[in-house]
$ cat start.cif   # mmCIF, C-alpha atoms and all ligand atoms
data_protein
#
loop_
_atom_site.label_atom_id
_atom_site.label_comp_id
_atom_site.auth_asym_id
_atom_site.auth_seq_id
_atom_site.Cartn_x
_atom_site.Cartn_y
_atom_site.Cartn_z
CA MET T 58 150.76 125.53 89.26
CA ALA T 59 148.85 122.33 88.66
CA ASP T 60 145.59 122.43 86.72
CA ALA T 61 142.60 123.22 88.91
CA PRO T 62 140.60 120.07 89.66
CA LYS T 63 137.41 119.76 87.67
CA ALA T 64 134.68 121.64 89.52
CA VAL T 65 132.33 119.60 91.69
CA VAL T 66 129.34 121.65 90.54
CA LEU T 67 129.35 121.92 86.77
CA PRO T 68 128.05 125.27 85.56
CA PRO T 69 126.01 125.64 82.37
CA GLY T 70 128.30 125.27 79.38
CA SER T 71 130.05 122.25 80.92
CA THR T 72 130.06 118.94 79.06
CA VAL T 73 128.52 115.68 80.26
CA GLY T 74 129.99 112.55 78.66
CA ILE T 75 127.51 109.74 78.03
CA LEU T 76 128.60 106.14 77.43
CA GLY T 77 126.02 104.60 75.13
CA GLY T 78 124.10 106.32 72.36
CA GLY T 79 120.69 104.63 72.41
CA GLN T 80 117.35 106.16 73.31
CA LEU T 81 118.28 106.64 76.97
CA GLY T 82 121.42 108.55 75.99
CA ARG T 83 119.35 110.55 73.54
CA MET T 84 116.81 111.59 76.16
CA LEU T 85 119.64 112.40 78.60
CA ALA T 86 121.26 114.62 75.97
CA ILE T 87 117.96 116.44 75.35
CA ALA T 88 117.54 117.00 79.10
CA ALA T 89 121.12 118.26 79.44
CA ALA T 90 120.62 120.71 76.57
CA ARG T 91 117.60 122.12 78.38
CA LEU T 92 119.85 123.00 81.29
CA GLY T 93 122.50 124.63 79.11
CA LEU T 94 124.88 121.68 79.38
CA ARG T 95 126.61 120.10 76.40
CA THR T 96 126.90 116.37 75.83
CA HIS T 97 129.48 114.13 74.21
CA VAL T 98 128.18 110.65 73.37
CA TYR T 99 130.48 107.63 73.08
CA GLU T 100 128.97 104.71 71.20
CA PRO T 101 130.52 101.89 69.15
CA GLY T 102 127.49 101.38 66.89
CA ALA T 103 124.59 103.36 65.51
CA ALA T 104 123.81 106.22 67.87
CA PRO T 105 120.33 107.78 67.94
CA ALA T 106 121.74 110.01 70.70
CA GLY T 107 124.34 111.40 68.30
CA ASP T 108 121.60 113.38 66.52
CA VAL T 109 121.02 115.54 69.59
CA ALA T 110 124.47 115.67 71.24
CA ALA T 111 127.14 118.33 70.70
CA GLN T 112 129.70 115.64 69.94
CA LEU T 113 129.73 111.96 69.04
CA THR T 114 132.64 109.51 69.24
CA THR T 115 132.14 106.28 67.34
CA ALA T 116 134.65 103.82 68.78
CA SER T 117 134.74 100.52 70.63
CA TYR T 118 134.93 100.14 74.41
CA ASP T 119 138.36 98.49 73.87
CA ASP T 120 139.80 101.60 72.24
CA LEU T 121 141.71 103.08 75.16
CA ASP T 122 143.01 106.03 73.12
CA ALA T 123 139.50 106.99 72.07
CA LEU T 124 138.24 106.55 75.64
CA GLY T 125 141.06 108.74 76.96
CA ALA T 126 140.35 111.49 74.44
CA PHE T 127 136.64 111.28 75.27
CA ALA T 128 137.35 111.56 79.01
CA ARG T 129 139.59 114.60 78.51
CA SER T 130 136.90 116.37 76.48
CA VAL T 131 134.19 116.19 79.18
CA ASP T 132 133.66 117.29 82.80
CA VAL T 133 131.86 114.20 84.09
CA VAL T 134 130.94 110.82 82.60
CA THR T 135 127.69 108.94 83.01
CA TYR T 136 126.22 105.96 81.16
CA GLU T 137 122.94 104.71 79.75
CA PHE T 138 123.60 100.99 80.24
CA GLU T 139 125.00 98.90 83.07
CA ASN T 140 127.33 96.63 81.13
CA VAL T 141 130.12 99.15 80.66
CA PRO T 142 133.34 97.07 80.61
CA ALA T 143 135.58 97.55 83.66
CA ARG T 144 138.61 98.36 81.46
CA ALA T 145 136.73 101.21 79.80
CA LEU T 146 135.95 102.64 83.23
CA ASP T 147 139.61 102.33 84.25
CA ALA T 148 140.59 104.48 81.28
CA ILE T 149 138.05 107.16 82.16
CA GLU T 150 138.12 107.27 85.94
CA GLY T 151 141.66 108.58 86.19
CA VAL T 152 140.62 111.63 84.19
CA VAL T 153 137.06 112.57 85.21
CA PRO T 154 134.50 111.39 87.76
CA VAL T 155 132.14 108.64 86.66
CA ARG T 156 128.63 108.95 88.12
CA PRO T 157 126.91 106.80 89.34
CA GLY T 158 130.11 105.26 90.72
CA ARG T 159 131.79 101.96 90.17
CA ARG T 160 130.19 100.10 93.06
CA ALA T 161 126.66 100.48 91.68
CA LEU T 162 127.81 99.35 88.28
CA ALA T 163 129.74 96.33 89.57
CA VAL T 164 126.91 95.14 91.81
CA SER T 165 124.24 95.50 89.14
CA GLN T 166 126.32 93.71 86.49
CA ASP T 167 126.05 90.41 88.35
CA ARG T 168 122.62 89.14 89.37
CA LEU T 169 124.04 87.06 92.22
CA ASP T 170 126.10 89.93 93.69
CA GLU T 171 123.04 92.13 93.27
CA LYS T 172 120.72 89.74 95.16
CA ARG T 173 123.30 89.32 97.94
CA PHE T 174 123.86 93.05 98.21
CA VAL T 175 120.14 93.85 98.33
CA SER T 176 119.30 91.13 100.85
CA GLY T 177 122.34 92.18 102.91
CA LEU T 178 120.55 95.51 103.42
CA GLY T 179 117.59 93.64 104.90
CA ILE T 180 115.49 94.11 101.75
CA ALA T 181 113.48 91.08 100.59
CA VAL T 182 114.46 89.23 97.39
CA ALA T 183 113.37 85.87 95.93
CA ASP T 184 115.06 82.83 97.44
CA HIS T 185 118.05 82.01 95.21
CA ALA T 186 121.18 79.90 94.72
CA ALA T 187 124.37 80.18 92.68
CA VAL T 188 124.50 77.64 89.83
CA GLY T 189 127.85 76.83 88.25
CA SER T 190 127.25 73.17 87.46
CA ARG T 191 124.48 70.73 86.65
CA GLU T 192 124.73 69.28 90.18
CA GLU T 193 124.22 72.71 91.71
CA LEU T 194 121.16 73.22 89.52
CA ASP T 195 119.64 69.91 90.63
CA ALA T 196 120.31 70.81 94.27
CA ALA T 197 118.79 74.28 93.80
CA ILE T 198 115.64 72.88 92.18
CA ALA T 199 115.30 70.30 94.98
CA ARG T 200 115.63 72.99 97.67
CA ILE T 201 113.79 75.92 96.09
CA GLY T 202 111.15 74.24 93.89
CA PRO T 203 109.85 75.86 90.68
CA GLY T 204 111.96 78.79 89.56
CA ILE T 205 113.85 80.56 86.86
CA LEU T 206 117.49 80.09 85.86
CA LYS T 207 119.27 83.25 84.70
CA THR T 208 122.80 83.97 83.58
CA ARG T 209 124.55 86.03 86.26
CA ARG T 210 125.84 88.55 83.75
CA LEU T 211 124.70 90.28 80.56
CA GLY T 212 121.02 89.43 80.69
CA TYR T 213 118.38 91.99 79.74
CA ASP T 214 114.79 92.03 78.48
CA GLY T 215 114.34 88.40 79.53
CA LYS T 216 117.37 87.12 77.56
CA GLY T 217 119.56 84.38 79.10
CA GLN T 218 116.66 83.04 81.18
CA ALA T 219 114.91 79.68 81.40
CA ARG T 220 111.75 78.76 83.30
CA VAL T 221 111.97 75.60 85.44
CA ARG T 222 108.66 74.02 86.50
CA GLY T 223 110.28 70.89 87.86
CA PRO T 224 113.34 68.62 87.57
CA GLU T 225 112.22 67.62 84.05
CA ASP T 226 113.13 71.14 82.82
CA ALA T 227 116.66 71.06 84.26
CA ASP T 228 118.40 69.76 81.11
CA ALA T 229 116.97 72.39 78.80
CA ALA T 230 117.48 75.21 81.31
CA PHE T 231 121.08 74.27 81.96
CA ALA T 232 121.78 74.06 78.21
CA ALA T 233 120.23 77.50 77.69
CA MET T 234 122.93 79.07 79.91
CA GLN T 235 125.58 77.88 77.42
CA GLY T 236 128.06 77.26 80.21
CA ALA T 237 127.77 80.73 81.74
CA PRO T 238 127.63 81.06 85.54
CA ALA T 239 123.99 81.33 86.58
CA ILE T 240 121.61 82.07 89.43
CA TYR T 241 118.51 80.03 90.22
CA GLU T 242 115.66 82.09 91.63
CA ALA T 243 112.41 80.88 93.19
CA TRP T 244 109.39 81.52 91.00
CA VAL T 245 107.56 84.47 92.51
CA ALA T 246 103.78 84.22 92.03
CA PHE T 247 103.52 88.00 92.03
CA GLU T 248 100.27 89.96 91.99
CA ARG T 249 101.93 92.73 90.04
CA GLU T 250 105.26 94.11 88.93
CA VAL T 251 106.12 97.67 89.87
CA SER T 252 109.17 99.86 89.70
CA VAL T 253 110.36 102.91 91.51
CA ILE T 254 112.63 105.51 89.98
CA ALA T 255 114.64 107.58 92.44
CA ALA T 256 117.62 109.89 92.46
CA ARG T 257 120.37 110.89 94.85
CA GLY T 258 122.28 114.12 94.54
CA LEU T 259 125.95 114.79 95.19
CA ASP T 260 124.83 116.31 98.52
CA GLY T 261 123.05 113.08 99.53
CA ALA T 262 119.52 114.39 98.95
CA VAL T 263 117.09 111.71 97.71
CA VAL T 264 113.99 112.15 95.55
CA ALA T 265 111.70 109.22 94.68
CA TYR T 266 109.03 109.23 91.99
CA ASP T 267 105.68 107.53 92.52
CA PRO T 268 105.88 103.80 91.72
CA GLY T 269 104.48 102.61 88.41
CA GLU T 270 102.91 99.29 87.52
CA ASN T 271 104.67 97.48 84.68
CA VAL T 272 103.35 94.98 82.16
CA HIS T 273 105.89 92.90 80.24
CA ARG T 274 105.37 90.73 77.18
CA ASP T 275 108.05 88.34 75.93
CA GLY T 276 110.33 89.80 78.60
CA ILE T 277 110.00 93.33 77.17
CA LEU T 278 108.30 96.21 78.96
CA ARG T 279 105.02 97.09 77.23
CA THR T 280 103.34 99.60 79.53
CA THR T 281 103.93 101.49 82.77
CA THR T 282 100.83 102.82 84.55
CA VAL T 283 101.09 105.40 87.31
CA THR T 284 97.91 106.17 89.25
CA GLY T 285 96.90 106.53 92.86
CA ALA T 286 95.78 102.88 92.81
CA ALA T 287 99.12 101.68 91.37
CA GLY T 288 100.93 103.18 94.32
CA ARG T 289 98.45 102.37 97.07
CA GLY T 290 100.01 100.54 99.99
CA ILE T 291 103.48 100.37 98.45
CA ARG T 292 104.50 103.95 97.78
CA ALA T 293 106.32 104.59 101.02
CA ASP T 294 107.98 101.16 101.11
CA ALA T 295 109.15 101.47 97.50
CA ALA T 296 110.66 104.89 98.21
CA LEU T 297 112.36 103.59 101.37
CA ILE T 298 113.85 100.63 99.49
CA ALA T 299 115.20 102.92 96.78
CA GLY T 300 116.57 105.31 99.38
CA ARG T 301 118.37 102.54 101.24
CA LEU T 302 119.97 101.26 98.06
CA LEU T 303 121.02 104.76 97.03
CA ASN T 304 122.59 105.54 100.39
CA ALA T 305 124.33 102.16 100.69
CA LEU T 306 125.88 102.64 97.24
CA ASP T 307 126.83 106.29 97.96
CA TYR T 308 125.06 106.82 94.69
CA VAL T 309 124.88 109.90 92.47
CA GLY T 310 122.22 109.87 89.76
CA VAL T 311 118.98 108.08 88.93
CA ILE T 312 118.32 104.44 89.78
CA GLY T 313 115.49 102.20 88.53
CA VAL T 314 114.38 99.49 90.97
CA GLU T 315 112.13 96.68 89.71
CA LEU T 316 109.96 95.05 92.33
CA PHE T 317 107.44 92.26 92.64
CA VAL T 318 104.35 92.75 94.78
CA ALA T 319 103.65 89.30 96.25
CA GLY T 320 101.32 88.67 99.18
CA GLY T 321 101.22 92.43 99.65
CA ARG T 322 104.99 92.47 100.20
CA LEU T 323 107.67 94.05 98.04
CA LEU T 324 110.58 91.96 96.74
CA VAL T 325 113.39 93.52 94.72
CA ASN T 326 113.86 91.79 91.37
CA GLU T 327 116.73 93.93 90.14
CA PHE T 328 117.97 97.48 89.90
CA ALA T 329 119.44 99.41 87.01
CA PRO T 330 122.07 102.07 87.80
CA ARG T 331 120.67 104.46 85.20
CA VAL T 332 117.55 106.09 83.88
CA HIS T 333 114.93 103.46 83.21
CA ASN T 334 112.30 102.68 80.58
CA SER T 335 109.64 102.48 83.31
CA GLY T 336 110.43 106.11 84.21
CA HIS T 337 109.68 107.66 80.81
CA TRP T 338 106.23 108.74 82.04
CA THR T 339 107.96 111.35 84.24
CA ILE T 340 108.71 113.46 81.13
CA GLU T 341 105.03 114.39 80.78
CA ALA T 342 103.75 113.87 84.33
CA CYS T 343 106.38 115.57 86.53
CA VAL T 344 107.93 119.01 86.67
CA VAL T 345 111.44 117.51 86.71
CA ASP T 346 111.63 114.20 84.85
CA GLN T 347 114.07 111.32 85.41
CA PHE T 348 116.43 112.50 82.66
CA GLN T 349 116.75 116.03 83.95
CA GLN T 350 117.02 114.66 87.49
CA HIS T 351 119.93 112.42 86.43
CA VAL T 352 121.71 115.27 84.67
CA ARG T 353 121.22 117.52 87.69
CA ALA T 354 122.66 114.84 89.98
CA VAL T 355 125.74 114.00 87.91
CA ALA T 356 126.42 117.72 87.34
CA GLY T 357 126.27 118.33 91.10
CA TRP T 358 123.15 120.49 90.87
CA PRO T 359 120.28 120.45 93.37
CA LEU T 360 117.68 117.78 92.59
CA GLY T 361 114.32 118.99 91.32
CA ASP T 362 110.68 118.42 92.18
CA GLY T 363 109.71 114.84 91.33
CA ALA T 364 106.05 115.19 92.34
CA ARG T 365 103.54 113.86 89.83
CA HIS T 366 100.81 116.24 88.64
CA SER T 367 98.84 113.67 86.56
CA ASP T 368 98.13 110.00 86.15
CA ALA T 369 100.10 108.51 83.28
CA VAL T 370 100.21 105.47 81.03
CA MET T 371 103.42 104.98 79.08
CA GLU T 372 103.27 102.58 76.14
CA ASN T 373 106.40 101.38 74.38
CA LEU T 374 106.31 101.33 70.59
CA ILE T 375 108.09 98.12 69.67
CA GLY T 376 109.11 97.06 66.18
CA ASP T 377 106.59 98.09 63.53
CA GLU T 378 104.21 99.58 66.13
CA ALA T 379 106.04 102.84 65.56
CA ASP T 380 104.83 102.80 61.94
CA ARG T 381 101.55 104.07 63.44
CA TRP T 382 103.27 107.33 64.41
CA ARG T 383 100.87 109.48 62.39
CA GLU T 384 97.78 108.06 64.08
CA ILE T 385 99.45 108.20 67.52
CA ALA T 386 100.59 111.77 66.93
CA ALA T 387 96.97 112.70 66.20
CA GLY T 388 95.83 110.98 69.39
CA GLY T 389 96.87 113.59 71.92
CA GLY T 390 99.53 111.75 73.95
CA GLY T 391 103.18 112.68 74.26
CA LEU T 392 104.90 110.90 71.37
CA HIS T 393 108.63 110.11 71.40
CA LEU T 394 110.43 108.52 68.46
CA TYR T 395 114.04 107.53 68.93
CA GLY T 396 115.30 108.15 65.41
CA LYS T 397 116.47 104.57 64.87
CA ALA T 398 117.27 103.92 61.25
CA GLU T 399 116.19 100.30 61.19
CA THR T 400 112.98 98.72 62.51
CA ARG T 401 113.47 95.24 63.96
CA PRO T 402 111.04 92.97 65.81
CA GLY T 403 111.42 93.48 69.57
CA ARG T 404 113.33 96.74 69.11
CA LYS T 405 112.18 99.76 71.10
CA MET T 406 111.47 102.42 68.46
CA GLY T 407 109.63 104.98 70.57
CA HIS T 408 107.00 105.43 73.25
CA VAL T 409 103.88 107.42 73.95
CA THR T 410 102.66 108.73 77.30
CA ARG T 411 99.00 109.55 77.87
CA LEU T 412 97.95 111.67 80.84
CA SER T 413 94.72 111.85 82.80
CA PRO T 414 93.74 113.74 85.97
CA LYS T 415 95.68 112.68 89.05
CA THR T 416 94.03 110.10 91.31
P1 LIG K 501 114.51 90.19 84.66
O1 LIG K 501 115.40 90.11 83.48
O2 LIG K 501 115.11 89.65 85.90
O3 LIG K 501 113.95 91.59 84.87
O4 LIG K 501 113.24 89.27 84.32
C1 LIG K 501 112.37 89.59 83.26
C2 LIG K 501 110.93 89.28 83.66
O5 LIG K 501 110.79 87.88 83.98
C3 LIG K 501 110.46 89.99 84.92
O6 LIG K 501 110.01 91.28 84.64
C4 LIG K 501 109.35 89.07 85.40
O7 LIG K 501 108.18 89.28 84.66
C5 LIG K 501 109.89 87.70 85.06
N1 LIG K 501 110.63 87.16 86.22
C6 LIG K 501 111.94 87.33 86.48
N2 LIG K 501 112.30 86.73 87.62
C7 LIG K 501 111.20 86.14 88.11
C8 LIG K 501 110.92 85.35 89.27
N3 LIG K 501 111.89 85.03 90.17
N4 LIG K 501 109.64 84.92 89.45
C9 LIG K 501 108.68 85.24 88.56
N5 LIG K 501 108.88 85.96 87.44
C10 LIG K 501 110.12 86.42 87.22
#
$ encode --input "start.cif" --output "C-alpha cells"
Amino acid sequence: MADAPKAVVLPPGSTVGILGGGQLGRMLAIAAARLGLRTHVYEPGAAPAGDVAAQLTTASYDDLDALGAFARSVDVVTYEFENVPARALDAIEGVVPVRPGRRALAVSQDRLDEKRFVSGLGIAVADHAAVGSREELDAAIARIGPGILKTRRLGYDGKGQARVRGPEDADAAFAAMQGAPAIYEAWVAFEREVSVIAARGLDGAVVAYDPGENVHRDGILRTTTVTGAAGRGIRADAALIAGRLLNALDYVGVIGVELFVAGGRLLVNEFAPRVHNSGHWTIEACVVDQFQQHVRAVAGWPLGDGARHSDAVMENLIGDEADRWREIAAGGGGLHLYGKAETRPGRKMGHVTRLSPKT
C-alpha cells in the first residue's frame, strides 16, 4: 500500500517547516510551539529562529539535497520572506504542501506583476509603467509626472528605489537601477500610510485585523499605531481589499497589505505573502496574533479571534536602539528582542509594543 498522503489538518506534534530564520521565523516558531507544533527552520545564514525551533538546517537555497531532506522531515512548509527562489520551491513542492501557495509568491516577487494583479481585481494602485530602457523611463516621466522608480524584483525597506521630481532626475534614477528591469510609479501625495494584516484558512474563512498607521524613516518601518482613529473611515475597505486579494490568490496563511490613504481613498502599495512587521502589535493587543493565525492557517486549523482588545503602538528597535533594552524593559511595554548576534545600523534588533485602553 502506498504511504498515506500527509494529513490536511496537522495535529499537535506535527512539524511546520519554515524557510528563513530571521525574526519573523522566530516569532512563527514561538507561536507554533504554543500550539504543540514543532518547527524546522531552513536558513543559509545566521538564524535567530534556530534558537527556538526544534530543528535547524543551515544550507543554501541552491542545495537541492538539503532542501529535499528538509521537505521530507516536515508536514507543511511556509516562509518568512517573499524572495524564495523558484528552484527551491520546486524541490519542496513535490514532497509537501507549501503555504501560502506559489501564485502569491510569484505575484509578490515582481512589483509590476503585483500592480497589474491588484488593479486587475478592480483595486486602486498608483499609476505606473514598466521601465526596461532609458527611453521608456523618459516616456513614463512625461506621461506620469513626478514619481518613484523601483526595481521590479528584490526590493525591500526602500532599497532599489529612486525619487524622480522631474526629467532632470532621470539619469541618476536610471543609473540607480543598475540595469535591472524597473517600474515607474506616480508619486502619491498620501495623507497617511496604513496596512492591514489578514488571514485566510484552508477552509476559505477570512479574518482581518484592524488597520494600523505606519511611519517609515529611511524606508524602514519605525512605528505602527492602532487606534479607533487610525481605522476610522478605512477599516471596512481595508478588510475588503485584503479579502479580495486572499480569495483571488486562493491563499492560505497571513498576508500584509500596505496601503496609502490619499484623498480619503485607499491605494495598494504592495502586499507581502507572509506575516508582517506592521502586524507585531497583534501579539499584545489581540487574543490570536498574526503569528498564531498564520500557523493555524498553514496547519489547516480553524482561524482564531483577531479582534483587538486595546489600542497599541509598536516601535521597532533599530540598530543600537536595542541597547536601551534595560530601560525599555522597565517601561511596561511588551519587549521583544530577536537574539541577533551583531548590531548593525538599520538592522531590526527588536520591537516594543505599548498598550492603552481601546478607542
Ligand atoms: P515600498 O518599498 O514600495 O514599500 O516603498 C517604501 C516606502 O517609500 C513606502 O512605504 C512609502 O513611504 C514610499 N513610497 C513608495 N512608493 C511610493 C509612491 N508611489 N508614492 C509615494 N511614496 C512612495
$ residues_around --input "start.cif" --residues "Asp260 of chain T" --least-positions-apart "2" --cutoff "10 Å" --atoms "only C-alpha atoms" --output "number ranges by chain"
T: 257-258, 262-263, 309, 354, 357-360
$ closest_residue --input "start.cif" --among "T:Glu139, T:Glu100, T:Asp170, T:Glu242" --to "Arg200 of chain T" --atoms "all atoms listed in the file"
T:Glu242
$ residues_near_ligand --input "start.cif" --ligand "ligand LIG 501 (chain K)" --cutoff "8 Å" --atoms "all atoms listed in the file" --output "MDAnalysis selection string"
chainID T and resid 183 204:205 207 212:216 218 242:247 250 272:273 276:278 315 326:327
$ write_last_selection --input "start.cif" --atoms "C-alpha atoms" --output "CSV table (one decimal), in the frame of the given file"
chain,number,residue,atom,x,y,z
T,183,ALA,CA,113.4,85.9,95.9
T,204,GLY,CA,112.0,78.8,89.6
T,205,ILE,CA,113.8,80.6,86.9
T,207,LYS,CA,119.3,83.2,84.7
T,212,GLY,CA,121.0,89.4,80.7
T,213,TYR,CA,118.4,92.0,79.7
T,214,ASP,CA,114.8,92.0,78.5
T,215,GLY,CA,114.3,88.4,79.5
T,216,LYS,CA,117.4,87.1,77.6
T,218,GLN,CA,116.7,83.0,81.2
T,242,GLU,CA,115.7,82.1,91.6
T,243,ALA,CA,112.4,80.9,93.2
T,244,TRP,CA,109.4,81.5,91.0
T,245,VAL,CA,107.6,84.5,92.5
T,246,ALA,CA,103.8,84.2,92.0
T,247,PHE,CA,103.5,88.0,92.0
T,250,GLU,CA,105.3,94.1,88.9
T,272,VAL,CA,103.4,95.0,82.2
T,273,HIS,CA,105.9,92.9,80.2
T,276,GLY,CA,110.3,89.8,78.6
T,277,ILE,CA,110.0,93.3,77.2
T,278,LEU,CA,108.3,96.2,79.0
T,315,GLU,CA,112.1,96.7,89.7
T,326,ASN,CA,113.9,91.8,91.4
T,327,GLU,CA,116.7,93.9,90.1
$ residues_near_point --input "start.cif" --point "(123.2, 94.9, 90.7)" --cutoff "12 Å" --atoms "only C-alpha atoms" --output "ChimeraX atom specification"
/T:139-140,159-176,209-212,302-303,306,312-315,325-331
$ closest_atom_pairs --input "start.cif" --of "segment 74-156 of chain T" --to "segment 389-411 of chain T" --cutoff "9 Å" --atoms "all atoms listed in the file" --output "tab-separated table"
residue	atom	partner	partner_atom	distance
T:Gly79	CA	T:Tyr395	CA	8.0
T:Gln80	CA	T:Tyr395	CA	5.7
T:Arg83	CA	T:Tyr395	CA	7.7
T:Met84	CA	T:Tyr395	CA	8.7
T:Ala103	CA	T:Lys397	CA	8.2
T:Ala104	CA	T:Lys397	CA	8.1
T:Pro105	CA	T:Gly396	CA	5.6
T:Ala106	CA	T:Tyr395	CA	8.3
T:Asp108	CA	T:Gly396	CA	8.3
$ atom_distance --input "start.cif" --atom1 "atom CA of Ala90 of chain T" --atom2 "atom CA of Val345 of chain T"
14.0 Å
$ closest_residue --input "start.cif" --among "T:Ala239, T:Cys343, T:Leu76, T:Ile180" --to "Tyr99 of chain T" --atoms "only C-alpha atoms"
T:Leu76
$ closest_residue --input "start.cif" --among "T:Val332, T:Gln112, T:Leu374, T:Pro203" --to "Asp226 of chain T" --atoms "all atoms listed in the file"
T:Pro203
$ atom_distance --input "start.cif" --atom1 "atom CA of Asp275 of chain T" --atom2 "atom CA of Leu85 of chain T"
26.8 Å
$ axis_aligned_box --input "start.cif" --around "segment 170-180 of chain T" --padding-each-side "6 Å" --output "JSON"
{"center_x": 120.8, "center_y": 92.4, "center_z": 99.1, "size_x": 22.6, "size_y": 18.2, "size_z": 23.6}
$ atom_distance --input "start.cif" --atom1 "atom CA of Gly177 of chain T" --atom2 "atom CA of Val221 of chain T"
26.2 Å
$ residues_near_point --input "start.cif" --point "(99.9, 103.1, 80.2)" --cutoff "7 Å" --atoms "only C-alpha atoms" --output "mmCIF file with C-alpha atoms, in the coordinates of the input"
data_model
loop_
_atom_site.group_PDB
_atom_site.id
_atom_site.type_symbol
_atom_site.label_atom_id
_atom_site.label_comp_id
_atom_site.auth_asym_id
_atom_site.auth_seq_id
_atom_site.Cartn_x
_atom_site.Cartn_y
_atom_site.Cartn_z
ATOM 1 C CA THR T 280 103.340 99.600 79.530
ATOM 2 C CA THR T 281 103.930 101.490 82.770
ATOM 3 C CA THR T 282 100.830 102.820 84.550
ATOM 4 C CA ALA T 369 100.100 108.510 83.280
ATOM 5 C CA VAL T 370 100.210 105.470 81.030
ATOM 6 C CA MET T 371 103.420 104.980 79.080
ATOM 7 C CA GLU T 372 103.270 102.580 76.140
ATOM 8 C CA THR T 410 102.660 108.730 77.300
ATOM 9 C CA ARG T 411 99.000 109.550 77.870
#
$ closest_residue --input "start.cif" --among "T:Val283, T:Val311, T:Ala145, T:Ala187" --to "Ala256 of chain T" --atoms "only C-alpha atoms"
T:Val311
$ closest_residue --input "start.cif" --among "T:Gly321, T:Gly269, T:Gly261, T:Gly74" --to "Gly300 of chain T" --atoms "only C-alpha atoms"
T:Gly261
